[in-house]
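What follows is a single structure, written as structure tokens, with notes after it.
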Amino acid sequence: MTRTDPDSCPGVLRLHEAADGPLARIRVPGGLLSPTQLQALAGAAADLSDGNIELTSRGNIQFRQVRDAAALTERLTAAGLLPSVTHERVRNIIASPLSGRVGGWTDVHPLVAGLDAGLCARPRLADLPGRVLFTLDDGRGDVSGLGGDIGVHALDEHTYALLLAGKDSGVRLPTDSAVEVMLAAADGFLDLRDGQWRLHEIPDSTARLTDRLRTDHPGLEISAELLELPVHQDIPIGWMTQSDDRVTLGAGVRLGSLPARTAEFLAAVERPVFVTPWRSLVITDLDEWAAEQVVRVLAPMGLIFDAASPWLEVSACAGMPGCAKSLTDVRADVAEAVDSGRVLPTGAPGFARDGLDAADVVVAGRQHWSGCDRRCGRPKGSVTDVIATVDGYRIVPADPG
Ligand code: SF4
């Protein structure tokens with residue numbers, strides 16, 4: 001596939017003109033936010049946008065209805081959230097959010113920092129399309145199945161598999177060369193591309209890029225046994241004990257929209273917080289007393305600590321009024337479906353239906369609601385589609401897989 005148009009991914013310095021006003025996207029490599037950064041985001045959301053922090057499926061953040069782009073740029077720069085004006089849109093890095101604290105072979109977060117610094121330090125990599133995604137999986141398999149372009153997947157404490165175009169390339173890397181080889185792969189992608197936005201769009205890209213890497217790095221180890229990388233759908237929710245006996249809390253966020261006021265309370269906890277690719281949060285390094293207080297205060301404000309909540313089954317595109325293509329306000333419709341008990345637990349049978357009023361939509365398990373057939377923001381994996389059409393909602397049951 002050859003594309004002739006440049007990708008139109010928004011950033012902070014290049015806003016997207018959405019139907020409800022300018023939209024800014026802020027890259028958060030590895031999803032990691034310090035308390036100071038979260039406080040800065042809460043303040044900016046309240047003062048300069050519609051008052052919410054939107055979490056994206058790449059663990060990034062969006063502001064809608066931005067009123068003053070210059071002031072937003074200034075605040076984000078001061079908070080360290082815009083370290084490069086040339087590379088801001090290419091810093092799309094997702095990593096296992098629990099890494100180094102709960103489970104996994106190793107801690108991938110130091111590699112995130114190294115990869116981000118390496119990306120920003122190479123002028124040529126500013127030319128990467130804004131759609132390119134890097135993934136770093138600590139071996140638990142939570143982010144490797146999310147369809148990244150270039151990634152690593154830990155096989156043990158010291159070895160990674162190199163992933164290209166979402167698949168195992170067969171290349172095996174020691175920890176100390178993982179960042180260097182990922183950056184070399186990004187450089188190689190630029191050499192191979194002919195307008196394409198994603199690595200998988202380039203014919204035979206994995207084999208061609210692997211050959212290049214082997215030529216440039218003659219010592220690379222190659223395995224004939226390739227990993228399967230299934231999509232992981234378990235969002236980390238609730239209380240988890242860390243390897244150092246402190247506590248991590250996984251918190252769901254209704255439709256991925258975090259009110260500025262809730263973010264302010266979260267920042268006041270003064271612990272690192274991760275934005276996950278499932279539009280949820282992970283609050284880390286708490287002692288037991290603090291973790292109990294977080295649940296006591298933030299659950300009534302809407303954060304979800306109960307893994308059985310129906311809110312964790314649903315996602316939705318921007319819909320009306322944010323998107324001009326939307327046929328309806330899907331987010332209001334899905335919220336009404338949750339509140340009125342029409343989102344059923346996984347396991348109930350699903351049927352294809354057409355022409356339904358919003359109030360008649362009853363769906364079980366993971367479901368994504370879209371304001372038109374483009375299905376923006378649809379999660380990967382087995383998901384039922386609820387799609388607005390001119391004749392009402394259409395239900396396309398999940399492929400069991
Ligand atoms: S799925 Fe359609 S309505 Fe929803 S955000 Fe995408 S283009 Fe807009």
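If you're wondering about the labels, chains in the structure tokens are A, B, ... by order shown, residues count from 1 in each chain, ligands from 1 in order shown.
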For chain A versus ligand 1, which residues have an atom no more than 8 Å away, and what is each residue's nearest atom pair and distance in Å rounded to one decimal, using only C-alpha atoms and all ligand atoms, chain-then-number order, as JSON lines?
{"residue": "A:Ala316", "atom": "CA", "partner": "ligand 1", "partner_atom_place_in_ligand_line": "4 (Fe)", "distance": 7.7}
{"residue": "A:Cys317", "atom": "CA", "partner": "ligand 1", "partner_atom_place_in_ligand_line": "4 (Fe)", "distance": 4.5}
{"residue": "A:Ala318", "atom": "CA", "partner": "ligand 1", "partner_atom_place_in_ligand_line": "5 (S)", "distance": 4.6}
{"residue": "A:Gly319", "atom": "CA", "partner": "ligand 1", "partner_atom_place_in_ligand_line": "3 (S)", "distance": 4.5}
{"residue": "A:Met320", "atom": "CA", "partner": "ligand 1", "partner_atom_place_in_ligand_line": "3 (S)", "distance": 6.9}
{"residue": "A:Gly322", "atom": "CA", "partner": "ligand 1", "partner_atom_place_in_ligand_line": "5 (S)", "distance": 7.5}
{"residue": "A:Cys323", "atom": "CA", "partner": "ligand 1", "partner_atom_place_in_ligand_line": "8 (Fe)", "distance": 4.6}
{"residue": "A:Ala324", "atom": "CA", "partner": "ligand 1", "partner_atom_place_in_ligand_line": "8 (Fe)", "distance": 6.5}
{"residue": "A:Lys325", "atom": "CA", "partner": "ligand 1", "partner_atom_place_in_ligand_line": "3 (S)", "distance": 4.8}
{"residue": "A:Ser326", "atom": "CA", "partner": "ligand 1", "partner_atom_place_in_ligand_line": "3 (S)", "distance": 3.4}
{"residue": "A:Leu327", "atom": "CA", "partner": "ligand 1", "partner_atom_place_in_ligand_line": "3 (S)", "distance": 6.7}
{"residue": "A:Thr328", "atom": "CA", "partner": "ligand 1", "partner_atom_place_in_ligand_line": "3 (S)", "distance": 7.9}
{"residue": "A:Ser370", "atom": "CA", "partner": "ligand 1", "partner_atom_place_in_ligand_line": "1 (S)", "distance": 4.7}
{"residue": "A:Gly371", "atom": "CA", "partner": "ligand 1", "partner_atom_place_in_ligand_line": "3 (S)", "distance": 3.7}
{"residue": "A:Cys372", "atom": "CA", "partner": "ligand 1", "partner_atom_place_in_ligand_line": "2 (Fe)", "distance": 3.9}
{"residue": "A:Asp373", "atom": "CA", "partner": "ligand 1", "partner_atom_place_in_ligand_line": "2 (Fe)", "distance": 6.0}
{"residue": "A:Arg374", "atom": "CA", "partner": "ligand 1", "partner_atom_place_in_ligand_line": "1 (S)", "distance": 4.4}
{"residue": "A:Arg375", "atom": "CA", "partner": "ligand 1", "partner_atom_place_in_ligand_line": "1 (S)", "distance": 3.9}
{"residue": "A:Cys376", "atom": "CA", "partner": "ligand 1", "partner_atom_place_in_ligand_line": "6 (Fe)", "distance": 4.1}
{"residue": "A:Gly377", "atom": "CA", "partner": "ligand 1", "partner_atom_place_in_ligand_line": "6 (Fe)", "distance": 7.4}
Selection from above, N, CA, C and O atoms, as a short mmCIF file (atom, residue, chain, number, x, y, z; two decimals), in the first residue's frame, can you write it?
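File written: part00.cif
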data_model
loop_
_atom_site.label_atom_id
_atom_site.label_comp_id
_atom_site.auth_asym_id
_atom_site.auth_seq_id
_atom_site.Cartn_x
_atom_site.Cartn_y
_atom_site.Cartn_z
N ALA A 316 -16.06 3.58 23.53
CA ALA A 316 -16.82 4.30 22.50
C ALA A 316 -15.91 5.27 21.78
O ALA A 316 -14.92 5.75 22.35
N CYS A 317 -16.24 5.57 20.53
CA CYS A 317 -15.51 6.60 19.80
C CYS A 317 -15.94 7.97 20.32
O CYS A 317 -16.77 8.07 21.22
N ALA A 318 -15.40 9.03 19.72
CA ALA A 318 -15.76 10.38 20.18
C ALA A 318 -17.25 10.65 19.98
O ALA A 318 -17.92 11.19 20.86
N GLY A 319 -17.78 10.24 18.84
CA GLY A 319 -19.20 10.45 18.55
C GLY A 319 -19.58 11.92 18.47
O GLY A 319 -18.72 12.81 18.40
N MET A 320 -20.87 12.18 18.51
CA MET A 320 -21.40 13.53 18.48
C MET A 320 -21.29 14.13 19.89
O MET A 320 -21.56 13.40 20.85
N GLY A 322 -18.28 15.62 19.18
CA GLY A 322 -16.86 15.76 18.88
C GLY A 322 -16.51 15.44 17.44
O GLY A 322 -15.51 15.94 16.93
N CYS A 323 -17.30 14.58 16.80
CA CYS A 323 -16.95 14.15 15.44
C CYS A 323 -18.09 14.48 14.48
O CYS A 323 -19.24 14.08 14.70
N ALA A 324 -17.74 15.16 13.39
CA ALA A 324 -18.75 15.59 12.41
C ALA A 324 -19.37 14.41 11.68
O ALA A 324 -20.48 14.51 11.14
N LYS A 325 -18.68 13.27 11.66
CA LYS A 325 -19.22 12.12 10.93
C LYS A 325 -20.23 11.33 11.77
O LYS A 325 -20.93 10.46 11.25
N SER A 326 -20.29 11.61 13.04
CA SER A 326 -21.12 10.78 13.92
C SER A 326 -22.61 10.99 13.67
O SER A 326 -23.08 12.12 13.50
N LEU A 327 -23.34 9.88 13.71
CA LEU A 327 -24.78 9.94 13.50
C LEU A 327 -25.54 10.15 14.79
O LEU A 327 -26.74 10.39 14.78
N THR A 328 -24.84 10.02 15.93
CA THR A 328 -25.52 10.17 17.21
C THR A 328 -24.50 10.40 18.33
O THR A 328 -23.30 10.32 18.11
N SER A 370 -19.73 2.86 18.15
CA SER A 370 -19.18 3.81 17.17
C SER A 370 -20.31 4.64 16.57
O SER A 370 -21.40 4.13 16.31
N GLY A 371 -19.99 5.90 16.29
CA GLY A 371 -20.98 6.80 15.70
C GLY A 371 -21.12 6.65 14.20
O GLY A 371 -22.01 7.24 13.57
N CYS A 372 -20.25 5.85 13.58
CA CYS A 372 -20.37 5.53 12.16
C CYS A 372 -19.53 4.28 11.90
O CYS A 372 -18.90 3.75 12.81
N ASP A 373 -19.51 3.85 10.66
CA ASP A 373 -18.91 2.56 10.33
C ASP A 373 -17.38 2.53 10.45
O ASP A 373 -16.77 1.47 10.34
N ARG A 374 -16.75 3.68 10.69
CA ARG A 374 -15.26 3.68 10.75
C ARG A 374 -14.74 3.02 12.02
O ARG A 374 -13.59 2.61 12.08
N ARG A 375 -15.53 2.98 13.06
CA ARG A 375 -15.18 2.28 14.31
C ARG A 375 -13.87 2.77 14.93
O ARG A 375 -13.04 1.96 15.37
N CYS A 376 -13.68 4.06 14.97
CA CYS A 376 -12.44 4.61 15.54
C CYS A 376 -12.28 4.17 17.00
O CYS A 376 -13.24 4.12 17.75
N GLY A 377 -11.03 3.89 17.37
CA GLY A 377 -10.72 3.56 18.76
C GLY A 377 -11.14 2.17 19.16
O GLY A 377 -11.08 1.82 20.35
#
Taking 6 positions as the minimum chain separation for residues in the same chain, which residues sit within 10 Å of A:Arg14 when counting only C-alpha atoms? Answer as a VMD selection string. chain A and resid 8 22 to 25 69 88 to 89
Convert the current residue selection to file output with C-alpha atoms, as a CSV table (one decimal), in the first residue's frame.
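Writing the result to result-v8.csv gives the following:
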chain,number,residue,atom,x,y,z
A,8,SER,CA,-2.7,13.7,10.1
A,22,PRO,CA,-9.4,22.1,18.5
A,23,LEU,CA,-8.1,18.8,19.9
A,24,ALA,CA,-4.5,18.3,21.3
A,25,ARG,CA,-2.8,15.0,21.8
A,69,ALA,CA,-2.8,26.5,22.3
A,88,GLU,CA,6.6,15.3,19.7
A,89,ARG,CA,4.3,13.2,17.5
Spatial neighbours of A:Ile93, 10 Å, only C-alpha atoms, chain gap at least 6 places, as a PyMOL selection string:
chain A and resi 27-31+58-60+112-113+115-116+132-136+148+150-151
For this session: From a DSSP calculation on the backbone, collect every residue of stretch 28-265 of chain A in strand (DSSP E) and output the set as a ChimeraX atom specification.
Result: /A:32-33,52-55,61-63,93-95,134-137,150-154,159-164,167-174,221-222,238-241,247-252,257-259
Atom CA of A:Leu164 to atom CA of A:Leu209 measures 8.3 Å
Closest atom pairs, stretch 133-172 of chain A residues within 10 Å of stretch 268-287 of chain A, only C-alpha atoms, as a tab-separated table:
residue	atom	partner	partner_atom	distance
A:Asp142	CA	A:Pro277	CA	9.5
A:Val143	CA	A:Pro277	CA	8.0
A:Leu146	CA	A:Pro277	CA	8.7
Hey, can you spit out that residue selection with all heavy atoms as an mmCIF file, in the first residue's frame?
data_model
loop_
_atom_site.group_PDB
_atom_site.id
_atom_site.type_symbol
_atom_site.label_atom_id
_atom_site.label_comp_id
_atom_site.auth_asym_id
_atom_site.auth_seq_id
_atom_site.Cartn_x
_atom_site.Cartn_y
_atom_site.Cartn_z
ATOM 1 N N ASP A 142 1.068 -8.476 27.680
ATOM 2 C CA ASP A 142 -0.064 -7.541 27.709
ATOM 3 C C ASP A 142 -0.037 -6.515 26.587
ATOM 4 O O ASP A 142 -1.095 -6.060 26.135
ATOM 5 C CB ASP A 142 -0.179 -6.834 29.076
ATOM 6 C CG ASP A 142 1.084 -6.093 29.486
ATOM 7 O OD1 ASP A 142 2.135 -6.281 28.845
ATOM 8 O OD2 ASP A 142 1.016 -5.335 30.472
ATOM 9 N N VAL A 143 1.144 -6.122 26.109
ATOM 10 C CA VAL A 143 1.161 -5.084 25.064
ATOM 11 C C VAL A 143 1.710 -5.567 23.712
ATOM 12 O O VAL A 143 1.539 -4.887 22.712
ATOM 13 C CB VAL A 143 1.925 -3.803 25.520
ATOM 14 C CG1 VAL A 143 1.314 -3.237 26.786
ATOM 15 C CG2 VAL A 143 3.400 -4.040 25.699
ATOM 16 N N LEU A 146 -0.766 -5.756 20.757
ATOM 17 C CA LEU A 146 -1.535 -4.557 20.431
ATOM 18 C C LEU A 146 -1.194 -3.956 19.069
ATOM 19 O O LEU A 146 -1.591 -2.844 18.754
ATOM 20 C CB LEU A 146 -1.356 -3.494 21.530
ATOM 21 C CG LEU A 146 -1.931 -3.903 22.898
ATOM 22 C CD1 LEU A 146 -1.664 -2.816 23.938
ATOM 23 C CD2 LEU A 146 -3.434 -4.166 22.801
#
Q | A:Ala178 surroundings by only C-alpha atoms, 8 Å radius, close-in-sequence under 5 positions cut, as a PyMOL selection string | A | chain A and resi 111+152+160+173
(request) Could you find all residues in stretch 5-170 of chain A that DSSP calls alpha helix (DSSP H) from the backbone, and write them as a PyMOL selection string? (result) chain A and resi 35-48+69-78+109-121
Subject >> Shortest interatomic distance to A:Val171 - which of A:Gln196, A:Asp204, A:Gly347, A:Ala224, counting only C-alpha atoms >> reply: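 Going through A:Gln196, A:Asp204, A:Gly347, A:Ala224 one by one, the smallest distance to A:Val171 is for A:Ala224.
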I'd like to know which of A:Ala161, A:Leu183, A:Ile237, A:Ala364 is closest to A:Pro97, using only C-alpha atoms.
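Selected residue with least distance to A:Pro97: A:Ile237.
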Which residues come within 12 Å of A:Ala70, counting only C-alpha atoms, excluding same-chain residues fewer than 6 positions away, as number ranges by chain? A: 12-15, 24, 44, 48, 76-77
Check your understanding: What is the distance between atom CA of A:Ile235 and atom CA of A:Glu313, in Å to one decimal?
Key ->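 One can read the atom CA of A:Ile235 to atom CA of A:Glu313 distance as 10.0 Å.
The shortest atom-to-atom distance to A:Ser382, with only C-alpha atoms taken into account, belongs to A:Gln233 out of A:Gln233, A:Thr106, A:Thr262, A:Ser315.
Closest approach to A:Ala42 from the set A:His16, A:Arg75, A:His153, A:His217 is made by A:Arg75, with distances taken over only C-alpha atoms.
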